[in-house]
Amino acid sequence: MSEPVRLGLFYTILRPEEKWLLAAASARGISLEPMHDEGMLFPIGGAPPPVDLVLNRSVSHIRGLYALRCLESGGVRTVNNAEVTERAGDKILGSLALSRAGIPTPRTIVALTEDAALRALDDIGYPAVLKPPIGSWGRLIARVRDREEAEQILEHKSALPSPTQSIFYVQEHVPKPERDLRILVVGDEPIAGMVRRSTHWRTNAARGATTEALPLSGELSELARRAARAMGGGVLAVDVMEGPKGYVVHEVNPTPEFKALQGTTTQVDIADRILSFALEAAQP
Ligand SMILES: Nc1ncnc2c1ncn2[C@@H]1O[C@H](COP(=O)(O)OP(=O)(O)O)[C@@H](O)[C@H]1O
Ligand SMILES: [Mg+2]
């Protein structure tokens, strides 16, 4: 008989999502070992932790990414893997992948200096949206109404210590209704969707948007599936806006929170679906 599969849960905080994952594993009698990102050591060339697969739930993109690289190098499987996490967790790399796959996405220009960013903003036209390449929860995303505001925001951004704050991701402002859409894809299957409504232009659930179930039409399911494939596949939350010319995918999240999404459905046990996917990926 083959050995039972051992899974690891690489985490920063045990949010409801991580607790649900642990409960789902326990309900199935599967070993899911919590691995706190702050305390982990990865000796180069040393033995990897004694697990077959690690599920990355760290809230830090950079911590998660290095941990995944170390684990994979030691022969441990990962969900999502480092390649997918790197691509989807960086808006520049993510947009490049969406565009290459021919998926409708807002018009975006990358600029590497403040002066170039100003030209990019003028080119995109106002209002425009400026985002840090790496970040979530709508943090540090700015809507820029005119050139004067552009100059002020760019000056502030350039003064920030993080090096990626001086790489500029400039995007057209999509005049969406007071909502956007989020679809969670696990493997190749869109398993649940929600509408996030807010009177604020940033409609993140983390910023207090109200959420409700989104019935997945064939068109939306296919769009989400294509966007997830463009990242390389795994557990991916696809963010979609309804633009004047139809749906546009603005990002795909590689380590999504799903408390709000779970709150919109009793049909799908999201943690259990993610666990099933990880178990399958852990099979030799
Ligand atoms: N180009 C845009 N036009 C209009 N609204 C946008 C645009 N980009 C983002 N938003 C709004 O801001 C929210 C956060 O942007 P997003 O790119 O998803 O970054 P984050 O990684 O912080 O979630 C989106 O869910 C959407 O409501
Ligand atoms: Mg988002």
# chains A, B, ... in the order shown; residues from 1 in each chain; ligands from 1

$ residues_around --residues "Val174 (chain A)" --least-positions-apart "6" --cutoff "12 Å" --atoms "only C-alpha atoms" --output "JSON, numbers by chain"
{"A": [105, 106, 107, 108, 124, 125, 126, 127, 128, 129, 143, 180, 201, 202, 240, 241, 242, 243, 244, 245, 246, 247, 248, 249, 250]}

$ residues_near_ligand --ligand "ligand 2" --cutoff "10 Å" --atoms "only C-alpha atoms and all ligand atoms" --output "PDB file with N, CA and C atoms, in the first residue's frame"
ATOM      1  N   LYS A  91       1.266  42.335 -11.326  1.00  0.00           N
ATOM      2  CA  LYS A  91       0.295  42.814 -12.326  1.00  0.00           C
ATOM      3  C   LYS A  91       0.933  43.003 -13.700  1.00  0.00           C
ATOM      4  N   GLY A 135       0.692  43.882  -5.162  1.00  0.00           N
ATOM      5  CA  GLY A 135      -0.143  44.403  -4.079  1.00  0.00           C
ATOM      6  C   GLY A 135      -1.543  43.855  -4.210  1.00  0.00           C
ATOM      7  N   SER A 136      -2.306  43.966  -3.134  1.00  0.00           N
ATOM      8  CA  SER A 136      -3.690  43.492  -3.191  1.00  0.00           C
ATOM      9  C   SER A 136      -4.557  44.307  -2.248  1.00  0.00           C
ATOM     10  N   TRP A 137      -5.810  43.896  -2.134  1.00  0.00           N
ATOM     11  CA  TRP A 137      -6.822  44.572  -1.307  1.00  0.00           C
ATOM     12  C   TRP A 137      -7.057  46.009  -1.779  1.00  0.00           C
ATOM     13  N   GLY A 138      -6.693  46.316  -3.013  1.00  0.00           N
ATOM     14  CA  GLY A 138      -6.908  47.666  -3.526  1.00  0.00           C
ATOM     15  C   GLY A 138      -5.949  48.697  -2.931  1.00  0.00           C
ATOM     16  N   ARG A 139      -4.942  48.216  -2.214  1.00  0.00           N
ATOM     17  CA  ARG A 139      -4.029  49.129  -1.522  1.00  0.00           C
ATOM     18  C   ARG A 139      -3.115  49.875  -2.487  1.00  0.00           C
ATOM     19  N   ASP A 180     -17.771  44.957  -9.587  1.00  0.00           N
ATOM     20  CA  ASP A 180     -16.998  44.119 -10.494  1.00  0.00           C
ATOM     21  C   ASP A 180     -17.241  42.667 -10.126  1.00  0.00           C
ATOM     22  N   LEU A 181     -16.610  41.744 -10.837  1.00  0.00           N
ATOM     23  CA  LEU A 181     -16.926  40.327 -10.704  1.00  0.00           C
ATOM     24  C   LEU A 181     -15.677  39.544 -10.342  1.00  0.00           C
ATOM     25  N   ARG A 182     -15.876  38.500  -9.573  1.00  0.00           N
ATOM     26  CA  ARG A 182     -14.739  37.657  -9.156  1.00  0.00           C
ATOM     27  C   ARG A 182     -15.156  36.205  -9.377  1.00  0.00           C
ATOM     28  N   ARG A 202     -13.016  51.423  -6.101  1.00  0.00           N
ATOM     29  CA  ARG A 202     -12.301  50.167  -5.827  1.00  0.00           C
ATOM     30  C   ARG A 202     -13.274  49.246  -5.103  1.00  0.00           C
ATOM     31  N   THR A 203     -13.651  48.173  -5.777  1.00  0.00           N
ATOM     32  CA  THR A 203     -14.737  47.340  -5.253  1.00  0.00           C
ATOM     33  C   THR A 203     -14.228  46.078  -4.549  1.00  0.00           C
ATOM     34  N   ASN A 204     -13.029  46.143  -3.946  1.00  0.00           N
ATOM     35  CA  ASN A 204     -12.505  44.968  -3.231  1.00  0.00           C
ATOM     36  C   ASN A 204     -13.396  44.630  -2.033  1.00  0.00           C
ATOM     37  N   ALA A 205     -13.595  43.327  -1.792  1.00  0.00           N
ATOM     38  CA  ALA A 205     -14.336  42.900  -0.598  1.00  0.00           C
ATOM     39  C   ALA A 205     -13.601  43.406   0.646  1.00  0.00           C
ATOM     40  N   ALA A 206     -12.257  43.415   0.587  1.00  0.00           N
ATOM     41  CA  ALA A 206     -11.460  43.886   1.733  1.00  0.00           C
ATOM     42  C   ALA A 206     -11.704  45.367   2.028  1.00  0.00           C
ATOM     43  N   ALA A 237      -8.129  33.271  -8.635  1.00  0.00           N
ATOM     44  CA  ALA A 237      -9.341  34.106  -8.607  1.00  0.00           C
ATOM     45  C   ALA A 237      -9.231  35.165  -9.694  1.00  0.00           C
ATOM     46  N   VAL A 238     -10.171  35.114 -10.614  1.00  0.00           N
ATOM     47  CA  VAL A 238     -10.129  35.981 -11.787  1.00  0.00           C
ATOM     48  C   VAL A 238     -11.026  37.202 -11.542  1.00  0.00           C
ATOM     49  N   ASP A 239     -10.433  38.393 -11.624  1.00  0.00           N
ATOM     50  CA  ASP A 239     -11.171  39.649 -11.438  1.00  0.00           C
ATOM     51  C   ASP A 239     -11.588  40.195 -12.798  1.00  0.00           C
ATOM     52  N   VAL A 240     -12.873  40.506 -12.911  1.00  0.00           N
ATOM     53  CA  VAL A 240     -13.432  40.920 -14.199  1.00  0.00           C
ATOM     54  C   VAL A 240     -14.237  42.211 -14.017  1.00  0.00           C
ATOM     55  N   HIS A 250      -8.994  42.193 -15.315  1.00  0.00           N
ATOM     56  CA  HIS A 250      -7.938  43.131 -14.904  1.00  0.00           C
ATOM     57  C   HIS A 250      -6.861  42.476 -14.060  1.00  0.00           C
ATOM     58  N   GLU A 251      -7.173  41.368 -13.386  1.00  0.00           N
ATOM     59  CA  GLU A 251      -6.080  40.638 -12.730  1.00  0.00           C
ATOM     60  C   GLU A 251      -6.542  39.235 -12.372  1.00  0.00           C
ATOM     61  N   VAL A 252      -5.558  38.393 -12.060  1.00  0.00           N
ATOM     62  CA  VAL A 252      -5.827  37.024 -11.618  1.00  0.00           C
ATOM     63  C   VAL A 252      -5.002  36.821 -10.343  1.00  0.00           C
ATOM     64  N   ASN A 253      -5.673  36.472  -9.254  1.00  0.00           N
ATOM     65  CA  ASN A 253      -4.984  36.393  -7.954  1.00  0.00           C
ATOM     66  C   ASN A 253      -4.541  34.973  -7.629  1.00  0.00           C
ATOM     67  N   PRO A 256      -5.819  33.710  -3.328  1.00  0.00           N
ATOM     68  CA  PRO A 256      -6.994  34.520  -3.004  1.00  0.00           C
ATOM     69  C   PRO A 256      -7.607  34.217  -1.641  1.00  0.00           C
TER      70      PRO A 256
END

$ closest_residue --among "A:Thr85, A:Gly187, A:Val51, A:Ile103" --to "Arg273 (chain A)" --atoms "only C-alpha atoms"
A:Gly187

$ closest_residue --among "A:Ala120, A:Glu38, A:Gly29, A:Thr78" --to "Leu53 (chain A)" --atoms "only C-alpha atoms"
A:Thr78

$ atom_distance --atom1 "CA of Gly64 (chain A)" --atom2 "CA of Asp269 (chain A)"
24.5 Å

$ closest_residue --among "A:Ala67, A:Met40, A:Val54, A:Val170" --to "ligand 1" --atoms "only C-alpha atoms and all ligand atoms"
A:Val170

$ select_by_dssp --residues "region 32-148 of chain A" --states "helix (DSSP H, G or I)" --output "compact mmCIF listing (two decimals) with C-alpha atoms, in the first residue's frame"
# COMPACT_ATOMS: atom_id res chain seq x y z
CA ASP A 37 6.07 31.56 7.12
CA GLU A 38 7.77 33.70 9.77
CA GLY A 39 9.55 30.79 11.40
CA HIS A 61 3.87 37.62 -2.26
CA ILE A 62 7.64 37.74 -1.88
CA ARG A 63 7.78 35.34 1.08
CA GLY A 64 5.51 32.91 -0.69
CA LEU A 65 7.51 33.10 -3.87
CA TYR A 66 10.90 32.39 -2.29
CA ALA A 67 9.46 29.62 -0.14
CA LEU A 68 7.93 27.99 -3.22
CA ARG A 69 11.25 28.19 -5.07
CA CYS A 70 13.09 26.59 -2.12
CA LEU A 71 10.46 23.88 -1.71
CA GLU A 72 10.32 23.05 -5.41
CA SER A 73 14.08 22.88 -5.58
CA ALA A 82 6.24 29.39 -8.09
CA GLU A 83 5.90 30.10 -11.79
CA VAL A 84 2.15 30.69 -11.60
CA THR A 85 2.47 32.65 -8.35
CA GLU A 86 5.17 34.88 -9.78
CA ARG A 87 3.18 35.60 -12.93
CA ALA A 88 -0.25 36.13 -11.39
CA LYS A 91 0.29 42.81 -12.33
CA ILE A 92 2.86 43.49 -15.04
CA LEU A 93 3.65 39.81 -15.64
CA GLY A 94 -0.04 38.95 -15.32
CA SER A 95 -1.12 41.54 -17.87
CA LEU A 96 1.56 40.36 -20.30
CA ALA A 97 0.24 36.80 -20.00
CA LEU A 98 -3.40 37.88 -20.44
CA SER A 99 -2.51 39.92 -23.49
CA ARG A 100 -0.45 37.11 -25.04
CA GLU A 114 8.49 59.12 -13.05
CA ASP A 115 8.89 61.10 -16.29
CA ALA A 116 7.97 58.12 -18.42
CA ALA A 117 4.98 57.45 -16.16
CA LEU A 118 3.74 60.98 -16.76
CA ARG A 119 3.93 60.41 -20.49
CA ALA A 120 2.14 57.09 -20.08
CA LEU A 121 -0.64 58.80 -18.11
CA ASP A 122 -1.01 61.53 -20.74
CA ASP A 123 -1.13 58.85 -23.41
CA ILE A 124 -3.74 56.74 -21.60
CA ARG A 147 -2.10 66.02 -14.99
CA GLU A 148 -1.68 68.05 -11.81

$ atom_distance --atom1 "CA of Leu21 (chain A)" --atom2 "CA of Ala271 (chain A)"
5.0 Å
